[in-house]
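Asker: Have a look at the structure that comes next, please.
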Amino acid sequence: MTLVLVIAASAVAIALLVLLNALLRGWTPARLGGLEDAAAELAAAFLDFRPGAGALAQDGRAALVEDQETGKVGLVAALGDRFVARRLGPEDVRAARVGEDGALALALADFTWPGLRLRLADAATARAWAARLVGADEG
Amino acid sequence: MAEPAAKIAGFLAARPPAPAPELPDPILWAIPVFVALVVVEMVYGRLTKRASFEPRDSAASLVMGLGNTIFGALLGFIGFGWAMWVHQYRVFDIGWSVWAFALCFVLDDFVYYWSHRGAHRVRWWWADHVVHHSSQHYNLTTALRQPWFGVLTLKFVVFGSWLAWLGFHPAMIGFVSALNLIYQFWIHTEAIGRLHPWVEAVMNTPSHHRVHHATNPRYLDKNYAGVFIIWDRLFGTFEAESEAEPCRYGIVRNLGTFNPLTVSLHEWWGILKDLWTAKSWRARALFLLAPPGWSPDGSRETTDTIKARWRAKAAEAKPEPPKPAPAAAE
C-alpha cells in the first residue's frame with residue numbers, strides 16, 4: 001500500500017515539476033548560427049573531425065558536414081536545447097530520400113535516433129547529400 | 001590436529017543472521033526533500049542562469065527515477081536475499097552499535113567506489129549505469145535519472161557480498177547505502193561552485209561530480225567517488241574541475257531521444273546486436289566484459305582511445321620549447 005502511495009505521489013510530483021519547468025521557461029531551443037557552429041559541435045564530439053563542405057538546414061536546427069579525415073558525413077541536429085552529433089557512413093544510413101517538398105528524410109540505423117528531416121537550401125542540394133549519405137556518389 | 005579442522009568447519013558453518021531492528025527507509029523520507037530542492041534549483045536557475053532545465057529532459061530523468069523506485073521495490077529482494085545468504089557465513093558478528101553504522105558507511109562507500117568504477121569499465125555493467133549519464137543536462141533531476149534493471153546485471157554478487165561476509169547485517173548495509181545515495185543527490189548541480197578547500201579535499205562535491213559527468217577527454221573516467229573523494233585521490237582517478245575547460249555533459253555518443261524506454265534499453269540493445277554479429281566466442285565475451293566501445297577490429301572508440309588521441313593532439317599543439325641560440329662564432 002505504501003509503495004502504491006509513493007508511486008502515485010511521485011507521478012503527481014513529476015507532472016507538477018515538468019509543468020513548472022515548462023512555465024518557468026528559461027531554455028532556448030538549440031540553433032546553429034552557421035556551418036562554423038556545426039563544425040565546432042562535430043569537432044567537440046569527434047576529436048579528429050576535419051570539416052569540409054557542409055549544408056545547413058534552413059531552420060538552423062541541423063547540419064551536414066563532410067569529414068575529410070574519414071570521408072564520412074558529420075550530422076549535427078538539435079535535441080531540445082542541446083545538440084546530438086553522429087559521423088555517418090553508408091552503413092549507418094538506412095535510407096536518405098528527398099520528398100516532393102524538397103526536404104531530406106534520413107532513416108538511421110540508430111536505436112536512439114531513428115531519423116530526422118532536414119530542409120536544406122533546395123532540393124538539388126538535398127539530393128546531392130542524400131546520394132553522398134548512402135554512398136551512391138562513390139567511385 | 002582436530003582443533004584447527006573443527007575451527008575451519010565452524011568458520012564455514014552457516015549461522016542464522018542475528019535479529020535486525022526495524023530500520024526506516026531513508027529514501028522514502030528523502031523524496032519530498034528531493035522534490036522541494038528540484039523546485040528551488042529550477043527557480044534559482046531561472047533567476048540566475050546558473051542551472052539549466054529542459055522540460056522533456058527533466059521529464060525523462062524523473063520518469064527514470066520513478067521506474068527505478070518501482071523496479072527496486074519489485075526486484076530488491078534478490079540483492080537483499082543474496083546478502084542474507086552470504087551473511088550466514090560471516091566472519092564477525094559486528095552488531096548494531098553507532099560505531100558499526102559509521103564503519104559500515106565508510107566501507108560501503110569504499111565498495112561503492114569500486115562498484116562504480118566497474119560500472120564504467122565493464123560494458124555489461126555500463127549498459128545499466130549509462131542511463132544515469134545519458135542526459136546532456138546536469139541538474140538535480142539528473143541525480144534521479146537511474147536505471148531500472150540494475151539487479152539483473154548481478155553486480156551485487158561481486159560488490160554486494162563483502163560487507164555482509166565481514167559481518168555487517170544486510171539491513172544495516174541497505175540503510176547506509178541509502179544514505180550514500182541521498183548524499184549524492186545534492187552534488188548533481190551547476191548551481192554550487194567550489195566549497196571550502198578542506199571540504200573539496202575529503203568529500204565528493206558538485207565540482208568533483210561535474211567532472212565525473214563530463215565527456216571532455218580530460219574528464220573521462222574520473223571521480224568515481226560516492227561520498228568521500230579520497231578514494232579517487234588514493235587510487236589515481238581524481239581530476240579537478242578546471243575553469244579553462246567547462247564540462248560538456250552526457251555520454252560520448254549522446255542519445256537522440258527523450259523516450260525513457262529507449263534510454264533504459266539502448267546499450268542492452270547494442271550488446272545484443274554485437275553478440276549476434278560477433279564472429280567468435282572471444283569477441284562475444286569481450287563485447288560483454290571489455291570497456292564500453294571495445295570492438296574486435298578497434299574501429300570503435302573507448303574512453304582510453306579517446307584520451308590517447310586527445311593527449312596526442314595536445315602534444316602536437318604544444319609549441320616546441322625555444323632552441324638555445326647557437327653560440328656566436330668567435
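Identifiers for the C-alpha cells are assigned positionally: chains receive A, B, ... in sequence, residues are indexed from 1 per chain, and ligands are indexed from 1 in the order shown.
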Please identify every residue of chain B that has at least one atom no more than 8 Å from any atom of chain A, counting only C-alpha atoms, and report them as a ChimeraX atom specification.

Answerer: /B:28,35,38-39,42-43,46,49,52-56,58-59,62-63,66,70,73,136,252-257,262-263,266,269,306,309-310

Asker: Please provide the set of residues having any atom within 12 Å of B:Leu74, restricted to only C-alpha atoms, with same-chain residues fewer than 6 positions apart removed, written as a ChimeraX atom specification.

Answerer: /A:3-4 /B:67-68,80,148-151

Asker: Filtering to N, CA, C and O atoms, could you give me those residues as a tab-separated table (two decimals), in the first residue's frame?

Answerer:
chain	number	residue	atom	x	y	z
A	3	LEU	N	3.88	1.51	-1.07
A	3	LEU	CA	4.55	1.65	-2.37
A	3	LEU	C	3.61	2.28	-3.39
A	3	LEU	O	4.00	3.18	-4.14
A	4	VAL	N	2.37	1.81	-3.41
A	4	VAL	CA	1.39	2.38	-4.36
A	4	VAL	C	1.22	3.87	-4.11
A	4	VAL	O	1.17	4.68	-5.05
B	67	GLY	N	10.72	4.86	-12.28
B	67	GLY	CA	10.88	3.46	-12.71
B	67	GLY	C	11.88	2.73	-11.83
B	67	GLY	O	11.68	1.57	-11.46
B	68	ASN	N	12.96	3.43	-11.47
B	68	ASN	CA	13.97	2.82	-10.60
B	68	ASN	C	13.36	2.46	-9.24
B	68	ASN	O	13.64	1.39	-8.69
B	80	PHE	N	18.98	-8.32	-1.69
B	80	PHE	CA	18.94	-8.44	-0.24
B	80	PHE	C	19.01	-9.92	0.17
B	80	PHE	O	19.72	-10.29	1.11
B	148	TRP	N	16.77	0.92	-14.47
B	148	TRP	CA	15.66	0.11	-13.96
B	148	TRP	C	16.05	-1.35	-13.67
B	148	TRP	O	15.44	-2.00	-12.85
B	149	PHE	N	17.04	-1.83	-14.39
B	149	PHE	CA	17.28	-3.28	-14.33
B	149	PHE	C	18.60	-3.64	-13.66
B	149	PHE	O	19.20	-4.66	-13.95
B	150	GLY	N	19.06	-2.76	-12.77
B	150	GLY	CA	20.38	-2.96	-12.15
B	150	GLY	C	20.56	-4.33	-11.55
B	150	GLY	O	21.63	-4.94	-11.70
B	151	VAL	N	19.55	-4.83	-10.90
B	151	VAL	CA	19.71	-6.10	-10.19
B	151	VAL	C	20.01	-7.25	-11.17
B	151	VAL	O	20.70	-8.20	-10.83

Asker: Which of stretch 6-112 of chain A end up as strand (DSSP E or B) when DSSP is run on this backbone - answer as JSON, numbers by chain?

Answerer: {"A": [51, 52, 53, 54, 55, 56, 62, 63, 64, 65, 66, 67, 73, 74, 75, 76, 77, 78, 79, 82, 83, 84, 85, 86, 87, 88, 93, 94, 95, 96, 97, 98, 104, 105, 106, 107, 108]}

Asker: For the residues selected in the previous step, produce a file with N, CA and C atoms as a CSV table (one decimal), in the first residue's frame.

Answerer:
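Below you can see part.csv, which holds the result:
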chain,number,residue,atom,x,y,z
A,51,PRO,N,36.5,19.4,-40.8
A,51,PRO,CA,35.4,19.8,-41.6
A,51,PRO,C,35.7,20.1,-43.1
A,52,GLY,N,34.8,19.7,-43.9
A,52,GLY,CA,34.9,20.1,-45.3
A,52,GLY,C,33.6,20.9,-45.7
A,53,ALA,N,33.1,20.6,-46.8
A,53,ALA,CA,31.9,21.2,-47.3
A,53,ALA,C,30.7,20.8,-46.4
A,54,GLY,N,29.7,21.7,-46.3
A,54,GLY,CA,28.6,21.4,-45.5
A,54,GLY,C,27.3,22.0,-46.0
A,55,ALA,N,26.2,21.6,-45.3
A,55,ALA,CA,24.9,22.2,-45.7
A,55,ALA,C,24.1,22.4,-44.4
A,56,LEU,N,23.6,23.6,-44.2
A,56,LEU,CA,22.9,23.9,-43.0
A,56,LEU,C,21.4,23.9,-43.3
A,62,ALA,N,19.8,21.8,-37.8
A,62,ALA,CA,20.6,20.7,-38.1
A,62,ALA,C,21.6,21.0,-39.2
A,63,ALA,N,22.6,20.2,-39.4
A,63,ALA,CA,23.6,20.5,-40.5
A,63,ALA,C,24.3,19.2,-40.9
A,64,LEU,N,24.7,19.1,-42.1
A,64,LEU,CA,25.6,18.0,-42.6
A,64,LEU,C,26.9,18.6,-43.0
A,65,VAL,N,28.0,18.0,-42.5
A,65,VAL,CA,29.3,18.5,-42.8
A,65,VAL,C,30.2,17.3,-43.2
A,66,GLU,N,30.9,17.4,-44.3
A,66,GLU,CA,31.8,16.3,-44.6
A,66,GLU,C,33.0,16.2,-43.7
A,67,ASP,N,33.4,15.0,-43.4
A,67,ASP,CA,34.6,14.8,-42.6
A,67,ASP,C,35.8,14.4,-43.5
A,73,VAL,N,30.2,11.5,-43.2
A,73,VAL,CA,29.4,12.8,-43.2
A,73,VAL,C,29.1,13.0,-41.7
A,74,GLY,N,29.4,14.2,-41.2
A,74,GLY,CA,29.0,14.6,-39.9
A,74,GLY,C,27.6,15.1,-39.9
A,75,LEU,N,26.8,14.6,-38.9
A,75,LEU,CA,25.4,15.1,-38.8
A,75,LEU,C,25.3,15.7,-37.4
A,76,VAL,N,24.8,16.9,-37.3
A,76,VAL,CA,24.6,17.5,-36.0
A,76,VAL,C,23.2,18.1,-36.1
A,77,ALA,N,22.4,17.7,-35.0
A,77,ALA,CA,21.0,18.2,-35.0
A,77,ALA,C,20.6,18.5,-33.6
A,78,ALA,N,19.7,19.5,-33.5
A,78,ALA,CA,19.2,19.9,-32.2
A,78,ALA,C,18.3,18.9,-31.5
A,79,LEU,N,18.5,18.7,-30.2
A,79,LEU,CA,17.5,18.0,-29.4
A,79,LEU,C,17.2,18.8,-28.2
A,82,ARG,N,20.0,21.2,-26.7
A,82,ARG,CA,21.3,20.7,-26.9
A,82,ARG,C,21.4,20.1,-28.3
A,83,PHE,N,22.6,19.7,-28.6
A,83,PHE,CA,22.8,19.1,-29.9
A,83,PHE,C,23.3,17.6,-29.8
A,84,VAL,N,22.9,16.8,-30.8
A,84,VAL,CA,23.4,15.4,-30.9
A,84,VAL,C,24.2,15.3,-32.2
A,85,ALA,N,25.3,14.6,-32.1
A,85,ALA,CA,26.2,14.5,-33.3
A,85,ALA,C,26.4,13.1,-33.7
A,86,ARG,N,26.5,12.8,-34.9
A,86,ARG,CA,26.9,11.5,-35.4
A,86,ARG,C,27.9,11.6,-36.6
A,87,ARG,N,28.7,10.6,-36.8
A,87,ARG,CA,29.5,10.6,-38.0
A,87,ARG,C,29.0,9.4,-38.8
A,88,LEU,N,28.4,9.7,-40.0
A,88,LEU,CA,27.7,8.7,-40.7
A,88,LEU,C,28.4,8.2,-41.9
A,93,VAL,N,23.2,4.6,-42.5
A,93,VAL,CA,22.1,5.2,-43.0
A,93,VAL,C,21.2,4.1,-43.7
A,94,ARG,N,20.0,4.0,-43.2
A,94,ARG,CA,19.1,3.0,-43.8
A,94,ARG,C,18.5,3.6,-45.1
A,95,ALA,N,18.2,4.8,-45.1
A,95,ALA,CA,17.6,5.4,-46.3
A,95,ALA,C,17.8,6.9,-46.2
A,96,ALA,N,18.0,7.5,-47.4
A,96,ALA,CA,18.0,9.0,-47.5
A,96,ALA,C,17.2,9.4,-48.7
A,97,ARG,N,16.1,10.0,-48.5
A,97,ARG,CA,15.2,10.3,-49.6
A,97,ARG,C,14.8,11.8,-49.6
A,98,VAL,N,14.6,12.3,-50.8
A,98,VAL,CA,14.2,13.7,-50.9
A,98,VAL,C,12.7,13.7,-51.3
A,104,LEU,N,15.0,16.6,-47.0
A,104,LEU,CA,15.8,15.3,-47.0
A,104,LEU,C,15.3,14.5,-45.8
A,105,ALA,N,14.8,13.3,-46.0
A,105,ALA,CA,14.4,12.5,-44.9
A,105,ALA,C,15.4,11.4,-44.7
A,106,LEU,N,16.0,11.4,-43.5
A,106,LEU,CA,17.0,10.4,-43.2
A,106,LEU,C,16.5,9.3,-42.2
A,107,ALA,N,16.7,8.1,-42.6
A,107,ALA,CA,16.4,7.0,-41.7
A,107,ALA,C,17.7,6.4,-41.3
A,108,LEU,N,18.0,6.4,-40.0
A,108,LEU,CA,19.3,6.0,-39.5
A,108,LEU,C,19.2,4.6,-38.8

Asker: Env of stretch 156-173 of chain B: 6 Å cut, atoms = only C-alpha atoms, seq-sep filter 5 positions within chain, self excluded. Answer as number ranges by chain.

Answerer: B: 83, 86-87, 90-94

Asker: Considering only C-alpha atoms, state which residue in the set B:Tyr89, B:Ala30, B:Ser135, B:Ala36 is at the smallest distance from B:Pro260.

Answerer: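 The closest residue to B:Pro260 is B:Ser135.
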